[in-house]
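**Student:** So I've got this file, work.cif, and it contains mmCIF, C-alpha atoms:
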```cif
data_my_file
#
loop_
_atom_site.label_atom_id
_atom_site.label_comp_id
_atom_site.auth_asym_id
_atom_site.auth_seq_id
_atom_site.Cartn_x
_atom_site.Cartn_y
_atom_site.Cartn_z
CA MET A 1 16.75 -49.32 20.10
CA SER A 2 18.68 -46.13 20.84
CA GLU A 3 18.69 -44.57 17.40
CA LYS A 4 15.46 -44.29 15.45
CA PRO A 5 15.55 -45.90 12.01
CA LEU A 6 15.24 -43.57 9.05
CA PRO A 7 12.09 -43.69 6.92
CA THR A 8 11.81 -45.54 3.63
CA PRO A 9 10.68 -43.02 1.00
CA GLY A 10 7.75 -43.65 -1.35
CA GLN A 11 7.81 -43.95 -5.14
CA THR A 12 5.18 -43.59 -7.82
CA VAL A 13 2.72 -46.45 -8.23
CA GLY A 14 3.69 -46.32 -11.94
CA PRO A 15 1.54 -47.28 -14.93
CA PHE A 16 1.36 -51.05 -14.49
CA PHE A 17 -0.38 -51.64 -11.15
CA GLY A 18 -3.62 -52.68 -12.86
CA PHE A 19 -2.84 -56.41 -12.73
CA ALA A 20 -1.73 -56.25 -9.09
CA LEU A 21 -3.51 -53.76 -6.84
CA PRO A 22 -7.19 -53.86 -7.89
CA TYR A 23 -9.05 -56.89 -6.60
CA GLU A 24 -12.55 -58.24 -6.88
CA GLY A 25 -14.75 -56.60 -4.27
CA GLY A 26 -12.18 -53.87 -3.59
CA PRO A 27 -14.62 -51.00 -4.20
CA GLU A 28 -17.51 -52.68 -2.36
CA LEU A 29 -17.11 -52.17 1.39
CA VAL A 30 -20.74 -53.29 1.53
CA PRO A 31 -22.75 -55.03 -1.19
CA PRO A 32 -24.56 -52.47 -3.38
CA HIS A 33 -27.89 -54.00 -2.31
CA HIS A 34 -27.18 -53.34 1.38
CA PRO A 35 -30.14 -51.27 2.68
CA ARG A 36 -27.88 -48.40 3.76
CA ALA A 37 -25.26 -48.70 1.02
CA VAL A 38 -24.20 -45.33 -0.36
CA LEU A 39 -22.39 -44.79 -3.64
CA LEU A 40 -19.30 -42.59 -3.30
CA THR A 41 -17.93 -41.70 -6.71
CA GLY A 42 -15.93 -39.04 -8.50
CA THR A 43 -13.15 -38.25 -10.95
CA VAL A 44 -9.44 -37.70 -10.44
CA TYR A 45 -8.21 -34.76 -12.58
CA ASP A 46 -4.76 -33.50 -13.55
CA GLY A 47 -3.63 -29.88 -13.83
CA ALA A 48 -5.00 -29.56 -17.37
CA GLY A 49 -8.44 -30.67 -16.19
CA GLU A 50 -8.03 -34.05 -17.89
CA PRO A 51 -9.23 -37.16 -16.07
CA ILE A 52 -6.49 -39.50 -14.82
CA PRO A 53 -7.20 -43.08 -15.98
CA ASP A 54 -4.30 -44.61 -14.03
CA ALA A 55 -4.94 -43.55 -10.44
CA VAL A 56 -5.90 -45.59 -7.38
CA VAL A 57 -8.06 -44.27 -4.55
CA GLU A 58 -8.11 -46.01 -1.17
CA LEU A 59 -10.79 -45.51 1.45
CA TRP A 60 -10.46 -46.14 5.21
CA GLN A 61 -13.27 -45.23 7.56
CA PRO A 62 -15.16 -45.94 10.78
CA ASP A 63 -18.49 -47.72 10.68
CA GLU A 64 -21.86 -45.98 11.07
CA ASN A 65 -21.40 -45.80 14.85
CA GLY A 66 -17.97 -44.19 14.57
CA ASP A 67 -16.22 -47.41 15.62
CA ILE A 68 -12.92 -48.20 13.95
CA PRO A 69 -13.13 -51.63 12.29
CA SER A 70 -10.62 -54.28 13.34
CA THR A 71 -12.21 -56.97 11.20
CA ARG A 72 -9.98 -58.75 8.68
CA GLY A 73 -11.12 -59.79 5.25
CA SER A 74 -10.95 -56.68 3.04
CA LEU A 75 -9.36 -58.80 0.26
CA HIS A 76 -11.89 -61.63 0.51
CA ARG A 77 -15.14 -60.09 1.64
CA ASP A 78 -17.67 -62.34 3.34
CA GLY A 79 -20.66 -60.19 2.35
CA HIS A 80 -21.60 -59.02 5.84
CA SER A 81 -18.53 -57.93 7.87
CA PHE A 82 -17.57 -54.27 7.60
CA THR A 83 -13.77 -53.94 7.36
CA GLY A 84 -13.67 -50.20 6.67
CA PHE A 85 -11.14 -50.48 3.83
CA GLY A 86 -11.67 -50.29 0.09
CA ARG A 87 -9.65 -49.74 -3.07
CA SER A 88 -10.81 -48.44 -6.45
CA ALA A 89 -8.64 -47.92 -9.51
CA THR A 90 -9.93 -45.20 -11.82
CA ASN A 91 -11.44 -46.29 -15.13
CA LEU A 92 -10.62 -44.86 -18.57
CA ASP A 93 -12.72 -41.79 -17.68
CA GLY A 94 -10.73 -41.22 -14.48
CA VAL A 95 -13.69 -42.31 -12.35
CA PHE A 96 -13.43 -44.22 -9.06
CA GLN A 97 -16.38 -45.57 -7.13
CA PHE A 98 -17.12 -47.18 -3.80
CA TRP A 99 -20.22 -48.75 -2.26
CA THR A 100 -19.97 -48.18 1.46
CA LEU A 101 -21.69 -47.02 4.64
CA GLU A 102 -21.62 -43.42 5.74
CA PRO A 103 -19.06 -43.00 8.52
CA GLY A 104 -20.26 -42.08 12.01
CA ALA A 105 -18.64 -39.47 14.24
CA LEU A 106 -15.47 -40.67 15.95
CA PRO A 107 -15.86 -40.84 19.73
CA ASP A 108 -13.96 -38.26 21.79
CA SER A 109 -13.33 -36.15 18.72
CA SER A 110 -14.54 -32.72 17.72
CA SER A 111 -14.16 -33.72 14.08
CA VAL A 112 -17.29 -34.22 11.99
CA PRO A 113 -17.66 -37.52 10.09
CA PHE A 114 -15.28 -38.10 7.19
CA PHE A 115 -13.70 -40.79 5.02
CA SER A 116 -9.89 -40.99 5.19
CA VAL A 117 -8.53 -41.31 1.65
CA LEU A 118 -5.28 -41.89 -0.22
CA VAL A 119 -4.60 -41.11 -3.87
CA PHE A 120 -1.87 -42.78 -5.93
CA ALA A 121 -1.26 -42.30 -9.67
CA ARG A 122 1.22 -42.71 -12.45
CA GLY A 123 3.09 -39.39 -12.54
CA LEU A 124 2.45 -38.79 -8.86
CA THR A 125 5.78 -39.48 -7.15
CA ASP A 126 4.30 -40.38 -3.76
CA LYS A 127 0.99 -41.02 -1.99
CA LEU A 128 -1.37 -38.15 -1.15
CA HIS A 129 -3.52 -38.19 2.00
CA SER A 130 -6.83 -36.37 2.09
CA ARG A 131 -10.30 -36.57 3.64
CA ILE A 132 -13.83 -36.62 2.26
CA TYR A 133 -16.34 -35.05 4.64
CA LEU A 134 -20.04 -35.79 4.58
CA PRO A 135 -21.89 -32.61 3.49
CA GLU A 136 -24.48 -32.58 6.27
CA PRO A 137 -25.23 -30.91 8.56
CA ALA A 138 -23.59 -27.95 6.83
CA ASP A 139 -23.49 -25.80 9.97
CA ALA A 140 -21.51 -28.47 11.85
CA LEU A 141 -18.77 -28.51 9.21
CA VAL A 142 -17.47 -25.08 10.19
CA ALA A 143 -16.70 -26.38 13.68
CA ASP A 144 -14.44 -29.14 12.39
CA PRO A 145 -10.83 -28.48 13.49
CA LEU A 146 -9.33 -29.21 10.07
CA LEU A 147 -12.01 -27.55 7.93
CA SER A 148 -12.05 -24.43 10.10
CA SER A 149 -8.29 -24.07 9.70
CA LEU A 150 -8.64 -23.75 5.92
CA PRO A 151 -9.56 -20.71 3.82
CA ALA A 152 -13.23 -20.96 2.82
CA GLY A 153 -12.35 -21.39 -0.84
CA ARG A 154 -10.26 -24.48 -0.18
CA ARG A 155 -12.50 -26.04 2.47
CA THR A 156 -15.03 -27.12 -0.14
CA THR A 157 -12.43 -29.34 -1.83
CA LEU A 158 -12.77 -31.74 1.13
CA ILE A 159 -16.57 -31.88 1.27
CA ALA A 160 -18.58 -34.36 -0.80
CA CYS A 161 -21.65 -33.26 -2.78
CA ARG A 162 -24.96 -34.97 -2.12
CA GLU A 163 -26.61 -35.90 -5.39
CA PRO A 164 -30.40 -35.95 -5.79
CA ASP A 165 -30.37 -39.77 -5.74
CA GLY A 166 -28.65 -39.74 -2.33
CA SER A 167 -25.22 -40.74 -3.59
CA LEU A 168 -22.05 -38.82 -2.77
CA ARG A 169 -19.88 -37.19 -5.42
CA HIS A 170 -16.31 -36.10 -4.78
CA ASP A 171 -13.66 -35.13 -7.32
CA PHE A 172 -9.93 -34.87 -6.74
CA HIS A 173 -7.94 -32.16 -8.51
CA LEU A 174 -4.19 -32.73 -8.26
CA GLN A 175 -3.60 -29.17 -9.52
CA GLY A 176 -5.50 -26.12 -10.68
CA GLU A 177 -8.02 -23.64 -9.31
CA ASP A 178 -9.89 -26.35 -7.45
CA GLU A 179 -6.75 -28.14 -6.23
CA THR A 180 -7.76 -30.55 -3.48
CA VAL A 181 -6.34 -30.02 -0.02
CA PHE A 182 -3.85 -32.80 0.62
CA LEU A 183 -2.66 -33.53 4.13
CA ASP A 184 0.68 -33.89 5.85
CA PHE A 185 0.46 -35.71 9.15
CA GLY A 186 4.10 -34.91 10.03
CA MET M 1 9.30 -24.98 -16.26
CA ALA M 2 8.47 -25.14 -19.95
CA VAL M 3 9.14 -28.50 -21.51
CA THR M 4 8.57 -28.95 -25.20
CA GLY M 5 9.17 -31.99 -27.38
CA ILE M 6 10.82 -35.21 -26.33
CA SER M 7 14.00 -34.74 -24.32
CA ASP M 8 17.10 -36.88 -24.59
CA GLN M 9 19.02 -38.45 -21.72
CA GLU M 10 21.51 -35.58 -21.64
CA GLN M 11 18.71 -33.08 -21.06
CA ILE M 12 17.13 -35.23 -18.33
CA SER M 13 20.48 -35.93 -16.66
CA GLY M 14 21.21 -32.19 -16.68
CA GLU M 15 17.93 -31.44 -14.94
CA ILE M 16 18.55 -34.21 -12.38
CA ALA M 17 22.04 -32.81 -11.70
CA SER M 18 20.88 -29.25 -11.28
CA ILE M 19 18.13 -30.22 -8.80
CA GLN M 20 20.71 -32.31 -6.95
CA ALA M 21 23.19 -29.41 -6.83
CA GLU M 22 20.50 -27.07 -5.53
CA TYR M 23 19.59 -29.55 -2.78
CA GLU M 24 23.21 -30.01 -1.77
CA ALA M 25 23.82 -26.26 -1.72
CA GLY M 26 20.83 -25.98 0.60
CA LEU M 27 22.29 -28.63 2.92
CA ALA M 28 25.59 -26.75 2.98
CA ASN M 29 23.68 -23.65 4.03
CA GLY M 30 22.03 -25.48 6.91
CA ALA M 31 18.79 -26.71 5.29
CA ALA M 32 17.33 -29.90 6.77
CA VAL M 33 17.82 -33.32 5.17
CA ASN M 34 14.80 -34.17 3.00
CA ASN M 35 13.93 -37.80 3.61
CA ARG M 36 10.86 -37.61 1.40
CA THR M 37 10.13 -38.00 -2.25
CA VAL M 38 9.76 -34.69 -4.09
CA LEU M 39 6.25 -34.29 -5.56
CA ASP M 40 7.26 -31.55 -8.02
CA TYR M 41 10.05 -33.23 -9.99
CA PRO M 42 10.07 -32.01 -13.63
CA PRO M 43 12.58 -34.60 -14.97
CA TYR M 44 9.77 -37.11 -14.44
CA ARG M 45 7.62 -35.62 -17.17
CA SER M 46 4.34 -37.26 -16.16
CA SER M 47 4.58 -35.45 -12.82
CA LEU M 48 4.29 -32.00 -14.42
CA LEU M 49 0.48 -31.96 -14.35
CA ARG M 50 0.10 -34.43 -11.51
CA HIS M 51 1.78 -32.85 -8.49
CA PRO M 52 0.01 -30.55 -6.03
CA THR M 53 1.20 -26.97 -6.44
CA LYS M 54 0.12 -25.91 -2.96
CA ASP M 55 1.90 -27.01 0.21
CA LEU M 56 0.45 -30.07 1.89
CA HIS M 57 -1.73 -28.93 4.78
CA HIS M 58 -0.28 -29.94 8.12
CA SER M 59 -2.95 -31.65 10.15
CA ASP M 60 -3.22 -33.66 13.35
CA PRO M 61 -4.43 -37.16 12.55
CA GLU M 62 -7.73 -38.34 14.02
CA THR M 63 -8.11 -41.79 15.59
CA ILE M 64 -9.16 -43.40 12.31
CA GLU M 65 -5.94 -42.19 10.66
CA LEU M 66 -3.92 -43.50 13.61
CA ALA M 67 -5.34 -46.97 13.05
CA SER M 68 -4.81 -49.30 10.11
CA PRO M 69 -7.04 -51.74 8.25
CA ALA M 70 -6.62 -55.27 9.62
CA PHE M 71 -5.41 -58.02 7.31
CA GLY M 72 -4.71 -61.65 8.07
CA HIS M 73 -4.34 -65.12 6.69
CA ARG M 74 -7.98 -64.99 5.69
CA ASP M 75 -6.93 -62.32 3.18
CA VAL M 76 -3.82 -63.95 1.75
CA ASP M 77 -3.07 -67.57 0.91
CA GLY M 78 0.43 -68.72 1.89
CA VAL M 79 1.31 -69.66 -1.69
CA GLU M 80 0.81 -66.07 -2.87
CA SER M 81 4.31 -65.16 -1.63
CA ASP M 82 5.92 -67.45 -4.23
CA LEU M 83 5.73 -65.79 -7.65
CA THR M 84 7.46 -68.76 -9.31
CA ILE M 85 4.69 -71.33 -8.73
CA GLN M 86 1.69 -69.60 -10.23
CA HIS M 87 1.84 -71.49 -13.53
CA SER M 88 2.59 -74.99 -14.73
CA GLY M 89 6.28 -74.34 -15.47
CA GLU M 90 9.25 -72.49 -14.02
CA PRO M 91 9.58 -68.83 -15.02
CA LEU M 92 12.70 -67.76 -16.88
CA GLY M 93 15.30 -65.68 -15.08
CA GLU M 94 17.38 -65.63 -11.91
CA ARG M 95 15.39 -67.13 -9.06
CA ILE M 96 15.70 -64.93 -5.96
CA VAL M 97 14.45 -64.67 -2.40
CA VAL M 98 13.59 -61.16 -1.22
CA THR M 99 13.09 -60.85 2.51
CA GLY M 100 13.29 -58.29 5.27
CA ARG M 101 11.47 -56.63 8.13
CA VAL M 102 8.79 -53.97 8.15
CA LEU M 103 9.40 -51.60 11.08
CA ASP M 104 7.75 -48.46 12.37
CA GLY M 105 9.63 -45.23 13.07
CA ASP M 106 10.51 -46.42 16.57
CA GLY M 107 12.02 -49.63 15.25
CA ARG M 108 9.11 -51.83 16.32
CA PRO M 109 7.87 -54.57 14.02
CA VAL M 110 4.80 -54.00 11.87
CA ARG M 111 2.99 -57.27 12.56
CA ASN M 112 0.31 -59.10 10.62
CA GLN M 113 0.16 -56.50 7.91
CA LEU M 114 -0.33 -56.78 4.19
CA VAL M 115 2.61 -56.55 1.77
CA GLU M 116 1.81 -56.55 -1.96
CA VAL M 117 4.38 -56.72 -4.77
CA TRP M 118 4.33 -56.51 -8.55
CA GLN M 119 7.09 -56.53 -11.13
CA ALA M 120 8.22 -57.10 -14.71
CA ASN M 121 9.48 -60.48 -15.86
CA ALA M 122 13.15 -61.32 -16.49
CA GLY M 123 12.92 -59.70 -19.92
CA GLY M 124 11.63 -56.43 -18.48
CA ARG M 125 8.05 -56.96 -19.67
CA TYR M 126 4.96 -56.41 -17.52
CA ILE M 127 1.99 -58.66 -18.08
CA HIS M 128 -0.13 -55.47 -18.07
CA LYS M 129 -1.86 -54.96 -21.42
CA ARG M 130 -0.54 -51.42 -21.71
CA ASP M 131 3.06 -52.64 -21.73
CA GLN M 132 3.53 -53.35 -25.44
CA HIS M 133 7.29 -53.13 -25.85
CA PRO M 134 8.76 -56.03 -27.82
CA ALA M 135 10.20 -58.13 -25.00
CA PRO M 136 8.79 -61.62 -24.54
CA ILE M 137 5.90 -62.42 -22.22
CA ASP M 138 6.77 -65.35 -19.98
CA PRO M 139 3.78 -67.72 -19.86
CA ASN M 140 5.06 -68.96 -16.50
CA PHE M 141 5.30 -65.59 -14.80
CA THR M 142 2.58 -63.10 -13.86
CA GLY M 143 4.59 -60.98 -11.45
CA THR M 144 2.22 -60.33 -8.54
CA GLY M 145 2.48 -61.53 -4.96
CA ARG M 146 1.12 -60.89 -1.49
CA THR M 147 2.06 -61.85 2.03
CA ILE M 148 1.29 -61.00 5.65
CA THR M 149 4.17 -59.99 7.94
CA ASP M 150 4.90 -62.33 10.85
CA ASP M 151 5.12 -61.44 14.55
CA ASP M 152 8.57 -59.93 14.07
CA GLY M 153 7.51 -57.91 11.02
CA ASN M 154 9.25 -60.27 8.57
CA TYR M 155 8.11 -60.77 5.00
CA ARG M 156 9.55 -63.15 2.40
CA PHE M 157 8.94 -63.54 -1.34
CA VAL M 158 10.32 -66.02 -3.85
CA THR M 159 10.45 -64.55 -7.34
CA ILE M 160 12.77 -63.92 -10.29
CA LYS M 161 14.93 -60.86 -10.79
CA PRO M 162 13.06 -58.42 -13.04
CA GLY M 163 14.72 -56.91 -16.08
CA ALA M 164 15.14 -53.21 -16.82
CA TYR M 165 12.34 -51.84 -18.98
CA PRO M 166 12.10 -49.03 -21.50
CA TRP M 167 9.61 -46.19 -21.08
CA ARG M 168 8.77 -42.98 -22.89
CA ASN M 169 9.75 -40.28 -20.40
CA HIS M 170 12.50 -39.28 -22.82
CA THR M 171 14.32 -40.82 -25.78
CA ASN M 172 15.97 -44.11 -24.83
CA ALA M 173 14.74 -44.01 -21.24
CA TRP M 174 15.22 -47.20 -19.21
CA ARG M 175 14.03 -47.90 -15.68
CA PRO M 176 16.48 -49.67 -13.36
CA ALA M 177 15.21 -53.14 -12.41
CA HIS M 178 12.77 -52.83 -9.53
CA ILE M 179 9.98 -54.53 -7.61
CA HIS M 180 6.95 -52.43 -6.62
CA PHE M 181 6.06 -52.77 -2.93
CA SER M 182 2.80 -51.71 -1.26
CA MET M 183 2.65 -51.81 2.55
CA PHE M 184 0.32 -50.96 5.39
CA GLY M 185 1.84 -49.86 8.69
CA ASN M 186 0.49 -49.67 12.21
CA ALA M 187 -1.44 -46.55 11.16
CA PHE M 188 -3.01 -45.37 7.91
CA THR M 189 -0.62 -42.38 8.07
CA GLN M 190 2.21 -44.90 7.51
CA ARG M 191 0.78 -46.41 4.34
CA ILE M 192 3.40 -46.58 1.59
CA ILE M 193 3.79 -47.60 -2.03
CA THR M 194 7.39 -47.64 -3.19
CA GLN M 195 9.94 -49.55 -5.31
CA MET M 196 12.82 -51.80 -4.29
CA TYR M 197 15.95 -51.70 -6.44
CA PHE M 198 18.94 -54.00 -6.88
CA PRO M 199 22.48 -53.02 -5.81
CA GLY M 200 24.94 -51.59 -8.31
CA ASP M 201 22.46 -50.80 -11.09
CA PRO M 202 24.17 -48.54 -13.67
CA LEU M 203 20.82 -46.93 -14.52
CA PHE M 204 20.42 -45.24 -11.11
CA PRO M 205 21.92 -41.86 -12.05
CA LEU M 206 19.87 -41.74 -15.27
CA ASP M 207 16.45 -42.47 -13.78
CA PRO M 208 14.16 -39.56 -12.88
CA ILE M 209 11.89 -41.73 -10.72
CA TYR M 210 14.70 -43.03 -8.49
CA ASN M 211 16.12 -39.50 -8.28
CA SER M 212 12.77 -37.96 -7.29
CA ILE M 213 14.16 -38.66 -3.82
CA VAL M 214 16.79 -35.92 -3.78
CA ASP M 215 18.68 -37.03 -0.68
CA PRO M 216 21.30 -39.62 -1.73
CA ALA M 217 21.13 -41.52 1.58
CA ALA M 218 17.32 -41.56 1.50
CA ARG M 219 17.13 -42.99 -2.02
CA ALA M 220 19.84 -45.53 -1.20
CA ARG M 221 17.40 -46.92 1.36
CA LEU M 222 15.36 -48.26 -1.58
CA VAL M 223 18.26 -50.47 -2.68
CA ALA M 224 18.25 -54.03 -1.33
CA ASN M 225 21.43 -55.70 -0.07
CA TYR M 226 22.70 -58.87 -1.67
CA ASP M 227 22.88 -61.40 1.18
CA HIS M 228 24.72 -64.63 0.49
CA SER M 229 23.29 -66.18 3.66
CA LEU M 230 19.87 -66.08 1.98
CA THR M 231 20.99 -68.08 -1.04
CA SER M 232 20.29 -71.76 -1.58
CA PRO M 233 22.86 -73.94 -3.39
CA GLU M 234 21.87 -74.62 -6.98
CA TRP M 235 18.52 -72.93 -6.34
CA SER M 236 18.37 -69.19 -5.66
CA LEU M 237 20.14 -65.92 -4.85
CA GLY M 238 18.99 -63.74 -1.97
CA TYR M 239 18.36 -60.08 -1.20
CA ARG M 240 17.51 -58.39 2.07
CA TRP M 241 15.48 -55.19 2.26
CA ASP M 242 14.08 -53.64 5.43
CA ILE M 243 11.33 -51.04 5.30
CA VAL M 244 10.71 -48.30 7.86
CA LEU M 245 7.24 -46.74 7.93
CA THR M 246 7.16 -43.46 9.76
CA GLY M 247 4.20 -41.22 10.42
CA GLN M 248 2.20 -40.73 13.56
CA GLN M 249 0.50 -43.68 15.15
CA SER M 250 -1.44 -44.52 18.27
CA THR M 251 0.31 -45.05 21.54
CA TRP M 252 2.13 -48.36 21.64
CA PHE M 253 0.90 -50.49 24.49
CA GLU M 254 3.38 -52.46 26.57
CA SER M 255 1.11 -55.50 26.41
CA GLU M 256 1.68 -55.72 22.66
CA GLY M 257 5.30 -56.53 23.43
CA VAL M 258 8.49 -54.67 22.68
CA ASP M 259 11.66 -56.08 21.25
CA ALA M 260 14.33 -56.45 23.89
#
```
Could you render the structure as structure tokens?

**Tutor:**
Amino acid sequence: MSEKPLPTPGQTVGPFFGFALPYEGGPELVPPHHPRAVLLTGTVYDGAGEPIPDAVVELWQPDENGDIPSTRGSLHRDGHSFTGFGRSATNLDGVFQFWTLEPGALPDSSSVPFFSVLVFARGLTDKLHSRIYLPEPADALVADPLLSSLPAGRRTTLIACREPDGSLRHDFHLQGEDETVFLDFG
Amino acid sequence: MAVTGISDQEQISGEIASIQAEYEAGLANGAAVNNRTVLDYPPYRSSLLRHPTKDLHHSDPETIELASPAFGHRDVDGVESDLTIQHSGEPLGERIVVTGRVLDGDGRPVRNQLVEVWQANAGGRYIHKRDQHPAPIDPNFTGTGRTITDDDGNYRFVTIKPGAYPWRNHTNAWRPAHIHFSMFGNAFTQRIITQMYFPGDPLFPLDPIYNSIVDPAARARLVANYDHSLTSPEWSLGYRWDIVLTGQQSTWFESEGVDA
């Protein structure tokens, strides 16, 4: 093909995806009773600080060894294979949640471990890419190529908080003082 | 921009036109074509508090972002691509086939990937409980489907043509008929959720969601083509719509095959 085809643009997910995109098992990349299951949860906020009850968060990640899953079956989970993909619509309080494994470091990469994430919402005209970094070890985070390229005040918007019970908390702010860093991969 | 009260169509159309004029003036002065959807698009009122105000941060993707989740026939039953057979009777409306190819930015097929669709019924009503406008629910139509692309990147759905539906962006606001499409590419960077429209819809110039793509040629790429070769006598009409997913991806290996 001599001439490259032009891209198809995105559009908002709209208000009525709730009967189509969410699926049973979507938020559970591993069963909650898995010995190393971690809860990753948070709230999606708008520019007025109000939670967004009609957003969808998607998670895509390597396994604990940093290997990229090529296993099928994210839509019909078999209870033991790790596919690396999950989807969680926000509830009426704007909260999403996943049960998953903590990602390992990617081989041949200077990046520290992170979840790759996408946010969609009614009122959001197109997808937004971002990352959620594991908070430890804190001194390694400053060496990450992406994090180190950000002003300190914005860097924290990509780093999850470790709760006392071991779970991970991460909020998305589409606007405002704590506006999340969203990514453009060009 | 300050927006107070409920606007009418004239107000919204004026805002759409002025953003369009500004874009075209930029093009005339040598600005680049914008193939993307604009995140900050005030005529779409719900976007006011839901668009990032800071520039997206340019970043090199890592290997995980250059890969894509794997889906297959284990994930999707073959019958899920026919939205007209999910109930005991035939849904009301024009039966249609919607088919096309999913390609990457180099024109190569996106193979064995998940395509999800959802839509209103022929009366313009979504089965979703939050759609309460007084159009009839069709007991024989839910309006969701899934399929997996074949080795050439082809997808195919059988459905009915959705109706236009009213919404509350402004007084007497109506969305052009559309089918929501969700697709995974060869890389997570290529992931897309968008909407497919039908040719010749008179609501196009009035709709702030369609016009949130400011480049006329780019938004026209969301409009399917009527294709008489896809029709079946006394059975269905046909539309063709190809999708191109750009965004960085891993190196394409020769062994995976390249179209001649």

**Student:** With chain M as the partner and 6 Å as the cut-off, tabulate the residues of chain A that qualify, each row holding the nearest pair of atoms and their distance in Å to one decimal, using all atoms listed in the file, sorted by chain and rising number, as JSON lines.

**Tutor:**
```
{"residue": "A:Lys4", "atom": "CA", "partner": "M:Asp106", "partner_atom": "CA", "distance": 5.5}
{"residue": "A:Pro7", "atom": "CA", "partner": "M:Val244", "partner_atom": "CA", "distance": 4.9}
{"residue": "A:Thr8", "atom": "CA", "partner": "M:Val244", "partner_atom": "CA", "distance": 5.2}
{"residue": "A:Pro9", "atom": "CA", "partner": "M:Arg36", "partner_atom": "CA", "distance": 5.4}
{"residue": "A:Gly10", "atom": "CA", "partner": "M:Thr194", "partner_atom": "CA", "distance": 4.4}
{"residue": "A:Gln11", "atom": "CA", "partner": "M:Thr194", "partner_atom": "CA", "distance": 4.2}
{"residue": "A:Phe16", "atom": "CA", "partner": "M:His128", "partner_atom": "CA", "distance": 5.9}
{"residue": "A:Ala20", "atom": "CA", "partner": "M:Thr144", "partner_atom": "CA", "distance": 5.7}
{"residue": "A:Asp46", "atom": "CA", "partner": "M:Arg50", "partner_atom": "CA", "distance": 5.4}
{"residue": "A:Gly47", "atom": "CA", "partner": "M:Leu49", "partner_atom": "CA", "distance": 4.6}
{"residue": "A:Ser70", "atom": "CA", "partner": "M:Ala70", "partner_atom": "CA", "distance": 5.6}
{"residue": "A:Arg72", "atom": "CA", "partner": "M:Phe71", "partner_atom": "CA", "distance": 4.8}
{"residue": "A:Gly73", "atom": "CA", "partner": "M:Asp75", "partner_atom": "CA", "distance": 5.3}
{"residue": "A:Leu75", "atom": "CA", "partner": "M:Asp75", "partner_atom": "CA", "distance": 5.2}
{"residue": "A:His76", "atom": "CA", "partner": "M:Asp75", "partner_atom": "CA", "distance": 5.7}
{"residue": "A:Gly123", "atom": "CA", "partner": "M:Ser47", "partner_atom": "CA", "distance": 4.2}
{"residue": "A:Leu124", "atom": "CA", "partner": "M:Ser47", "partner_atom": "CA", "distance": 5.6}
{"residue": "A:Thr125", "atom": "CA", "partner": "M:Leu39", "partner_atom": "CA", "distance": 5.4}
{"residue": "A:Leu174", "atom": "CA", "partner": "M:Pro52", "partner_atom": "CA", "distance": 5.2}
{"residue": "A:Gln175", "atom": "CA", "partner": "M:Pro52", "partner_atom": "CA", "distance": 5.2}
{"residue": "A:Phe182", "atom": "CA", "partner": "M:Leu56", "partner_atom": "CA", "distance": 5.2}
{"residue": "A:Leu183", "atom": "CA", "partner": "M:His57", "partner_atom": "CA", "distance": 4.7}
{"residue": "A:Asp184", "atom": "CA", "partner": "M:His58", "partner_atom": "CA", "distance": 4.7}
{"residue": "A:Phe185", "atom": "CA", "partner": "M:Ser59", "partner_atom": "CA", "distance": 5.4}
```

**Student:** Which residue gives the smallest distance to Gly84 of chain A among A:Leu106, A:Val56, A:Val38, A:Leu29, with only C-alpha atoms counted?

**Tutor:**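 Nearest candidate to Gly84 of chain A out of A:Leu106, A:Val56, A:Val38, A:Leu29: A:Leu29.
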
**Student:** How far is it from atom CA of His34 of chain A to atom CA of Leu21 of chain A, in Å with one decimal?

**Tutor:**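 Taking atom CA of His34 of chain A as the start and atom CA of Leu21 of chain A as the end point, the length is 25.1 Å.
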
**Student:** Would you mind reading off the distance between atom CA of Thr12 of chain A and atom CA of Ala55 of chain A, one decimal, in Å?

**Tutor:**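 These atoms are spaced 10.5 Å apart.
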
**Student:** Take the PyMOL selection byres ((chain A and resi 180) around 9), run it mentally on this structure, and tell me the resulting residues as a PyMOL selection string.

**Tutor:** (chain A and resi 130+154-158+171-176+178-179+181-182) or (chain M and resi 52)

**Student:** Could you take the residues named above and write them with C-alpha atoms, as a PDB file, in the coordinates of the input?

**Tutor:**
```pdb
ATOM      1  CA  SER A 130      -6.830 -36.370   2.090  1.00  0.00           C
ATOM      2  CA  ARG A 154     -10.260 -24.480  -0.180  1.00  0.00           C
ATOM      3  CA  ARG A 155     -12.500 -26.040   2.470  1.00  0.00           C
ATOM      4  CA  THR A 156     -15.030 -27.120  -0.140  1.00  0.00           C
ATOM      5  CA  THR A 157     -12.430 -29.340  -1.830  1.00  0.00           C
ATOM      6  CA  LEU A 158     -12.770 -31.740   1.130  1.00  0.00           C
ATOM      7  CA  ASP A 171     -13.660 -35.130  -7.320  1.00  0.00           C
ATOM      8  CA  PHE A 172      -9.930 -34.870  -6.740  1.00  0.00           C
ATOM      9  CA  HIS A 173      -7.940 -32.160  -8.510  1.00  0.00           C
ATOM     10  CA  LEU A 174      -4.190 -32.730  -8.260  1.00  0.00           C
ATOM     11  CA  GLN A 175      -3.600 -29.170  -9.520  1.00  0.00           C
ATOM     12  CA  GLY A 176      -5.500 -26.120 -10.680  1.00  0.00           C
ATOM     13  CA  ASP A 178      -9.890 -26.350  -7.450  1.00  0.00           C
ATOM     14  CA  GLU A 179      -6.750 -28.140  -6.230  1.00  0.00           C
ATOM     15  CA  VAL A 181      -6.340 -30.020  -0.020  1.00  0.00           C
ATOM     16  CA  PHE A 182      -3.850 -32.800   0.620  1.00  0.00           C
TER      17      PHE A 182
ATOM     18  CA  PRO M  52       0.010 -30.550  -6.030  1.00  0.00           C
TER      19      PRO M  52
END
```
